[in-house]
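Trainee: entry08.csv (CSV, C-alpha atoms) pasted underneath:
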chain,number,residue,atom,x,y,z
A,212,MET,CA,150.4,56.6,127.7
A,213,ARG,CA,150.1,54.6,130.9
A,214,PRO,CA,148.2,56.4,133.7
A,215,PRO,CA,149.9,57.1,137.0
A,216,ASP,CA,150.2,54.0,139.3
A,217,ARG,CA,147.6,55.1,141.8
A,218,LEU,CA,145.1,56.1,139.2
A,219,HIS,CA,145.8,52.8,137.3
A,220,GLN,CA,145.2,50.8,140.5
A,221,ALA,CA,142.0,52.8,141.3
A,222,ILE,CA,140.6,51.9,137.9
A,223,THR,CA,141.7,48.3,137.6
A,224,ALA,CA,141.2,47.1,141.2
A,225,PRO,CA,137.4,47.3,141.2
A,226,LEU,CA,137.4,45.6,137.8
A,227,ARG,CA,139.5,42.7,139.2
A,228,HIS,CA,137.1,42.4,142.2
A,229,LEU,CA,134.1,42.4,139.9
A,230,GLY,CA,135.7,39.8,137.6
A,231,ASN,CA,136.5,37.6,140.6
A,232,ALA,CA,133.0,38.0,142.0
A,233,LEU,CA,131.5,37.0,138.6
A,234,LEU,CA,133.8,34.0,138.4
A,235,ASP,CA,132.9,32.9,141.9
A,236,LEU,CA,129.2,33.2,140.9
A,237,ALA,CA,129.7,31.1,137.8
A,238,LEU,CA,132.1,28.6,139.4
A,239,PRO,CA,131.7,28.8,143.2
A,240,PRO,CA,135.0,28.0,144.9
A,241,ARG,CA,135.2,24.8,147.0
A,242,CYS,CA,137.2,23.9,150.0
A,243,HIS,CA,140.3,21.9,149.1
A,244,LEU,CA,139.6,19.4,151.8
A,245,CYS,CA,135.8,18.9,152.3
A,246,ARG,CA,134.8,20.2,148.9
A,247,CYS,CA,132.0,22.3,150.3
A,248,PHE,CA,131.2,25.6,148.6
A,249,ILE,CA,132.9,28.6,150.2
A,250,PRO,CA,130.7,31.8,149.8
A,251,GLN,CA,133.6,34.2,150.5
A,252,THR,CA,136.8,32.3,149.9
A,253,GLY,CA,140.3,33.5,150.9
A,254,PRO,CA,143.5,32.8,149.0
A,255,ILE,CA,144.1,29.5,150.9
A,256,HIS,CA,140.7,28.0,149.8
A,257,LEU,CA,139.9,26.2,153.0
A,258,CYS,CA,136.6,26.5,154.8
A,259,GLN,CA,136.7,27.7,158.4
A,260,ALA,CA,136.1,24.2,159.8
A,261,CYS,CA,138.9,22.6,157.8
A,262,ARG,CA,141.3,25.4,158.4
A,263,THR,CA,140.7,25.2,162.2
A,264,SER,CA,141.2,21.4,162.1
A,265,LEU,CA,144.8,21.7,161.0
A,266,ALA,CA,147.0,21.0,164.0
A,267,GLU,CA,149.4,23.9,164.4
A,268,VAL,CA,152.8,23.3,165.8
A,269,SER,CA,153.3,26.0,168.3
A,270,SER,CA,155.1,26.9,171.6
A,271,PRO,CA,156.2,25.4,173.9
A,272,CYS,CA,158.6,23.7,171.6
A,273,CYS,CA,162.3,22.8,171.1
A,274,THR,CA,164.2,26.0,170.2
A,275,VAL,CA,166.4,23.9,167.9
A,276,CYS,CA,164.3,21.3,166.0
A,277,GLY,CA,160.9,22.8,166.7
A,278,ARG,CA,159.4,19.6,168.2
A,279,PRO,CA,156.4,20.6,170.4
A,280,PHE,CA,156.4,19.7,174.1
A,281,THR,CA,153.5,18.5,176.2
A,282,GLY,CA,153.4,19.8,179.8
A,283,ALA,CA,156.3,22.3,179.3
A,284,VAL,CA,155.7,26.0,179.9
A,285,SER,CA,158.4,27.5,177.9
A,286,ASP,CA,160.6,26.9,174.8
A,287,HIS,CA,163.9,25.2,175.4
A,288,PRO,CA,166.2,22.7,173.6
A,289,CYS,CA,164.9,19.1,173.7
A,290,GLY,CA,167.1,16.3,175.1
A,291,ALA,CA,168.0,15.0,171.6
A,292,CYS,CA,169.2,18.4,170.4
A,293,LEU,CA,171.2,18.9,173.7
A,294,GLN,CA,172.9,15.5,173.2
A,295,GLN,CA,173.7,16.2,169.5
A,296,HIS,CA,172.9,19.6,168.1
A,297,PRO,CA,171.8,19.3,164.4
A,298,PRO,CA,173.8,21.2,161.8
A,299,TRP,CA,171.0,23.7,161.2
A,300,GLU,CA,170.5,26.7,163.5
A,301,GLN,CA,166.7,26.3,164.0
A,302,ALA,CA,163.9,24.4,162.3
A,303,ARG,CA,160.2,24.9,162.4
A,304,ALA,CA,157.1,23.3,160.8
A,305,ALA,CA,153.7,25.0,160.5
A,306,PHE,CA,151.5,21.9,161.2
A,307,SER,CA,151.6,18.4,162.5
A,308,TYR,CA,151.6,15.8,159.7
A,309,GLU,CA,148.2,14.4,160.3
A,310,GLY,CA,144.6,14.8,159.2
A,311,GLY,CA,143.9,17.5,156.7
A,312,CYS,CA,147.5,18.7,156.5
A,313,GLN,CA,148.6,15.2,155.5
A,314,GLU,CA,145.8,14.9,153.0
A,315,LEU,CA,146.8,18.2,151.4
A,316,ILE,CA,150.4,17.3,151.1
A,317,GLN,CA,149.8,13.8,149.7
A,318,ALA,CA,147.3,15.2,147.1
A,319,PHE,CA,149.9,17.8,146.1
A,320,LYS,CA,152.8,15.3,145.8
A,321,TYR,CA,151.2,12.2,144.6
A,322,ARG,CA,147.9,13.1,142.9
A,323,ASN,CA,149.2,16.0,140.8
A,324,ARG,CA,147.1,18.7,142.4
A,325,PHE,CA,149.6,21.4,141.6
A,326,HIS,CA,147.2,24.2,142.5
A,327,LEU,CA,147.7,23.2,146.2
A,328,ARG,CA,151.2,24.6,146.1
A,329,ARG,CA,149.9,28.2,146.6
A,330,SER,CA,147.7,27.2,149.5
A,331,LEU,CA,150.5,25.2,151.2
A,332,ALA,CA,153.0,28.1,150.7
A,333,LEU,CA,150.5,30.6,152.1
A,334,LEU,CA,149.9,28.3,155.1
A,335,ILE,CA,153.6,28.2,155.8
A,336,ALA,CA,153.8,32.0,155.5
A,337,GLU,CA,150.8,32.5,157.7
A,338,GLN,CA,152.3,30.4,160.5
A,339,LEU,CA,156.1,31.0,160.2
A,340,SER,CA,156.6,34.6,158.9
A,341,ARG,CA,157.8,35.7,162.3
A,342,PHE,CA,160.2,32.8,162.5
A,343,ALA,CA,161.5,33.5,159.0
A,344,ALA,CA,162.1,37.1,159.8
A,345,ALA,CA,164.0,36.2,162.9
A,346,CYS,CA,166.3,33.9,160.8
A,347,GLN,CA,167.5,37.0,158.9
A,348,ALA,CA,168.0,34.8,155.8
A,349,ASP,CA,169.7,36.0,152.7
A,350,LEU,CA,168.5,33.2,150.4
A,351,LEU,CA,165.8,30.5,150.1
A,352,ILE,CA,167.0,27.1,148.9
A,353,PRO,CA,164.7,24.1,148.3
A,354,VAL,CA,165.6,20.6,149.1
A,355,PRO,CA,166.4,19.0,145.7
A,356,LEU,CA,165.2,15.8,144.0
A,357,HIS,CA,167.5,13.6,142.1
A,358,HIS,CA,167.1,13.9,138.3
A,359,ASP,CA,165.5,10.4,138.0
A,360,ARG,CA,162.9,11.1,140.6
A,361,LEU,CA,162.2,14.6,139.2
A,362,THR,CA,161.6,13.0,135.8
A,363,MET,CA,159.3,10.4,137.3
A,364,ARG,CA,157.3,12.9,139.4
A,365,GLY,CA,157.5,15.8,137.0
A,366,PHE,CA,158.1,18.5,139.6
A,367,ASN,CA,160.0,19.2,142.9
A,368,GLN,CA,157.4,20.0,145.6
A,369,ALA,CA,160.0,21.8,147.7
A,370,LEU,CA,160.9,24.1,144.8
A,371,LEU,CA,157.2,25.0,144.2
A,372,LEU,CA,156.7,25.8,147.9
A,373,ALA,CA,159.9,27.9,147.9
A,374,GLU,CA,158.7,29.9,144.9
A,375,GLY,CA,155.6,30.9,146.8
A,376,LEU,CA,157.6,31.8,149.9
A,377,SER,CA,160.1,33.8,147.9
A,378,ASP,CA,157.2,35.9,146.6
A,379,ARG,CA,155.6,36.2,150.0
A,380,TRP,CA,158.7,36.9,152.0
A,381,GLN,CA,160.5,38.9,149.3
A,382,LEU,CA,163.6,36.7,149.7
A,383,PRO,CA,165.8,35.7,146.7
A,384,LEU,CA,165.3,32.1,145.6
A,385,LEU,CA,168.4,30.0,144.6
A,386,ARG,CA,166.6,27.2,142.7
A,387,GLN,CA,169.7,25.1,142.2
A,388,GLY,CA,171.5,26.0,145.4
A,389,LEU,CA,171.7,22.3,146.2
A,390,ARG,CA,172.0,19.3,143.8
A,391,ARG,CA,171.0,15.8,144.6
A,392,SER,CA,174.1,14.1,143.2
A,393,ARG,CA,173.3,10.6,144.2
A,394,ASN,CA,170.0,8.8,144.0
A,395,THR,CA,168.8,7.1,147.2
A,396,VAL,CA,166.3,4.5,148.0
A,397,SER,CA,162.9,5.6,149.4
A,398,GLN,CA,163.2,6.8,153.0
A,399,THR,CA,159.6,5.8,153.9
A,400,ARG,CA,160.4,2.5,155.6
A,401,LEU,CA,163.9,3.4,157.0
A,402,SER,CA,164.7,4.1,160.6
A,403,ALA,CA,166.4,7.4,161.6
A,404,ALA,CA,169.8,5.8,161.5
A,405,GLU,CA,169.2,4.2,158.2
A,406,ARG,CA,167.9,7.4,156.8
A,407,ALA,CA,171.0,9.3,157.8
A,408,ALA,CA,173.3,6.6,156.2
A,409,ASN,CA,171.1,6.5,153.1
A,410,LEU,CA,171.6,10.3,152.5
A,411,ARG,CA,175.3,10.6,153.4
A,412,GLY,CA,177.0,12.3,150.5
A,413,ALA,CA,173.8,12.5,148.5
A,414,PHE,CA,173.9,16.3,148.1
A,415,SER,CA,176.3,18.8,146.6
A,416,VAL,CA,176.5,22.6,146.1
A,417,PRO,CA,177.0,23.4,142.4
A,418,ASP,CA,178.1,27.0,143.0
A,419,PRO,CA,179.7,27.5,146.4
A,420,ALA,CA,180.3,31.2,145.7
A,421,ALA,CA,176.6,31.8,145.5
A,422,ILE,CA,176.0,30.7,149.1
A,423,ARG,CA,179.3,31.7,150.8
A,424,ALA,CA,178.8,33.7,154.0
A,425,LYS,CA,175.0,33.7,153.4
A,426,ARG,CA,172.3,32.8,155.8
A,427,ILE,CA,170.1,30.2,154.2
A,428,LEU,CA,166.4,29.3,154.7
A,429,LEU,CA,166.0,25.7,153.6
A,430,VAL,CA,162.5,24.7,152.4
A,431,ASP,CA,160.9,21.2,152.3
A,432,ASP,CA,157.4,19.8,152.6
A,433,VAL,CA,157.7,17.4,155.6
A,434,PHE,CA,160.1,17.1,158.6
A,435,THR,CA,160.1,13.4,159.5
A,436,THR,CA,163.3,12.4,161.3
A,437,GLY,CA,165.2,15.5,160.1
A,438,SER,CA,167.8,13.4,158.2
A,439,THR,CA,167.3,15.1,154.9
A,440,LEU,CA,167.4,18.6,156.4
A,441,ALA,CA,170.5,17.7,158.4
A,442,GLU,CA,172.4,16.4,155.4
A,443,CYS,CA,171.4,19.4,153.2
A,444,SER,CA,172.4,21.8,156.0
A,445,ARG,CA,175.7,20.0,156.6
A,446,CYS,CA,176.4,20.2,152.8
A,447,LEU,CA,175.6,24.0,152.7
A,448,LEU,CA,177.7,24.8,155.8
A,449,THR,CA,180.7,22.8,154.4
A,450,ALA,CA,180.4,24.8,151.2
A,451,GLY,CA,180.7,28.1,153.1
A,452,ALA,CA,177.1,29.1,154.2
A,453,ALA,CA,177.1,31.2,157.4
A,454,ALA,CA,174.0,29.4,158.9
A,455,VAL,CA,171.0,27.4,157.9
A,456,CYS,CA,167.4,27.5,159.2
A,457,CYS,CA,164.7,25.2,158.0
A,458,VAL,CA,161.0,25.6,157.3
A,459,THR,CA,158.5,22.9,156.3
A,460,VAL,CA,154.7,22.6,155.9
A,461,ALA,CA,154.5,19.8,158.4
A,462,ARG,CA,156.3,17.7,161.0
A,463,ALA,CA,155.7,14.0,161.7
A,464,LEU,CA,155.6,14.0,165.5
A,465,ASP,CA,156.1,10.3,165.9
A,466,PRO,CA,158.8,9.4,163.3
A,467,ILE,CA,159.8,5.8,162.8
A,468,GLN,CA,162.9,5.1,165.0
Would you encode the structure as C-alpha cells?

Mentor:
Amino acid sequence: MRPPDRLHQAITAPLRHLGNALLDLALPPRCHLCRCFIPQTGPIHLCQACRTSLAEVSSPCCTVCGRPFTGAVSDHPCGACLQQHPPWEQARAAFSYEGGCQELIQAFKYRNRFHLRRSLALLIAEQLSRFAAACQADLLIPVPLHHDRLTMRGFNQALLLAEGLSDRWQLPLLRQGLRRSRNTVSQTRLSAAERAANLRGAFSVPDPAAIRAKRILLVDDVFTTGSTLAECSRCLLTAGAAAVCCVTVARALDPIQ
C-alpha cells in the first residue's frame, strides 16, 4: 500500500537529496560554459560568473517586438513596428544573441549537446515568466522544421525548448500545431526582405480546429529579423487563432538588413 503523499515525500525527499549529493561528490558538476566545477550547482548548471555574463534583454524595449532601446526611459513601440505592426501581438527574448548565450545555443543546435535544452528552457522561464503569464496563452506551439532538415539534424530545437516551458509554465503543448510544408534555403546569409520572401507559404496548420480562437505562445530559439516568427504567426492567425505571442531564448540585436 502506497503511503500518503506527504509521508511519501517526507521519506523520499531526503533520499533524493542524499543521492544527488553523493553523485555530485563522485562526479562534480561543471559549468556548461567555462567548465569549472560548481560546488553547489543549480538546475541551470552555470557558474555565477557565466550566468551574470549573459546579456539580458530588458526594459526599456519595444512593446511589440521586444527590441531594447538605448537612451529611452520607458517601453513604447519602436519606429519599425509603428510603421508596420507585425502579425504577432508581442514578442520577447530572454537574452542578446552574443557571448555565452550564443555559445550555448550553437552547442545545443549544432554540436548535439541535448542536455542544454533544460538549461535553455529554464533560462527562458527565469526571464520571461511574467511576460508569458501576461500573454494569457492557451497553448504552446514550437516553430517547426521541415522533414528533410529534421531528419538531418535529428531533433527540432524549438520543440525541445517548448517541452521544458510547457512543464514549467503548465501550458498545454501542441507539438504539431504548425507544419513546415515547404523546405527553404538557409536563412543565414539572407537579408530581411529575402528572408520574408523565402518563408512565404512555407508553413501550414494541420488541424485548424485545435487552435481556433486560442491564444498561442510561439516558441523558437533565436529572433533574428523576425521573419520566421512573423510567417508562423500569420499562418496561425489565418487558421483561426485569436492571438499569437512569441518567446525566444535570444535576440540578434543587429540583424543583417

Trainee: Report, in Å with one decimal, the straight-line distance from CA of Phe342 in chain A to CA of Ala420 in chain A.

Mentor: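 Distance reported for this atom pair: 26.2 Å.
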
Trainee: Using all atoms listed in the file, determine which residues lie at most 6 Å from range 348-363 of chain A, disregarding the query and same-chain residues fewer than 3 positions distant; provide the list as a PDB file with C-alpha atoms, in the coordinates of the input.

Mentor:
ATOM      1  CA  PHE A 366     158.100  18.500 139.600  1.00  0.00           C
ATOM      2  CA  ALA A 369     160.000  21.800 147.700  1.00  0.00           C
ATOM      3  CA  LEU A 370     160.900  24.100 144.800  1.00  0.00           C
ATOM      4  CA  PRO A 383     165.800  35.700 146.700  1.00  0.00           C
ATOM      5  CA  LEU A 384     165.300  32.100 145.600  1.00  0.00           C
ATOM      6  CA  LEU A 385     168.400  30.000 144.600  1.00  0.00           C
ATOM      7  CA  GLY A 388     171.500  26.000 145.400  1.00  0.00           C
ATOM      8  CA  ARG A 390     172.000  19.300 143.800  1.00  0.00           C
ATOM      9  CA  ARG A 391     171.000  15.800 144.600  1.00  0.00           C
ATOM     10  CA  ASN A 394     170.000   8.800 144.000  1.00  0.00           C
ATOM     11  CA  LYS A 425     175.000  33.700 153.400  1.00  0.00           C
ATOM     12  CA  ARG A 426     172.300  32.800 155.800  1.00  0.00           C
ATOM     13  CA  ILE A 427     170.100  30.200 154.200  1.00  0.00           C
ATOM     14  CA  LEU A 428     166.400  29.300 154.700  1.00  0.00           C
ATOM     15  CA  LEU A 429     166.000  25.700 153.600  1.00  0.00           C
ATOM     16  CA  VAL A 430     162.500  24.700 152.400  1.00  0.00           C
ATOM     17  CA  ASP A 431     160.900  21.200 152.300  1.00  0.00           C
TER      18      ASP A 431
END

Trainee: For CA of Leu339 in chain A and CA of Trp299 in chain A, quote the distance in Å rounded to one decimal.

Mentor: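 Distance between the two atoms: 16.6 Å.
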
Trainee: I'd like the interatomic distance between CA of Ala343 in chain A and CA of His256 in chain A, to a tenth of an Å.

Mentor: 23.4 Å

Trainee: For Pro419 in chain A, which residue among A:Ser392, A:Arg322, A:Leu448, A:Ala291 is the nearest when counting all atoms listed in the file?

Mentor: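 Using all atoms listed in the file, Pro419 in chain A sits closest to A:Leu448.
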
Trainee: Out of A:Pro254, A:Gly451, A:Gly282, A:Pro288, which residue has the shortest atom-to-atom distance to Leu327 in chain A when counting all atoms listed in the file?

Mentor: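 Comparing A:Pro254, A:Gly451, A:Gly282, A:Pro288 against Leu327 in chain A, the winner is A:Pro254.
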
Trainee: Which polymer residues have any atom within 7 Å of an atom of Val433 in chain A, counting only C-alpha atoms, with same-chain residues fewer than 3 positions away left out, as a ChimeraX atom specification?

Mentor: /A:459-462

Trainee: Taking 5 positions as the minimum chain separation for residues in the same chain, which residues sit within 10 Å of Asp286 in chain A when counting all atoms listed in the file? Answer as a ChimeraX atom specification.

Mentor: /A:269-275,277-280

Trainee: Which of these, A:Arg262, A:Arg393, A:Lys320, A:His287, has the shortest distance to Gly365 in chain A once you count all atoms listed in the file?

Mentor: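 Under the stated criterion, the closest residue is A:Lys320.
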
Trainee: Compare A:Leu371, A:Cys456, A:Leu293, A:Ala283 by their minimum atom-to-atom distance to Phe325 in chain A, counting only C-alpha atoms, and give me the closest one.

Mentor: A:Leu371
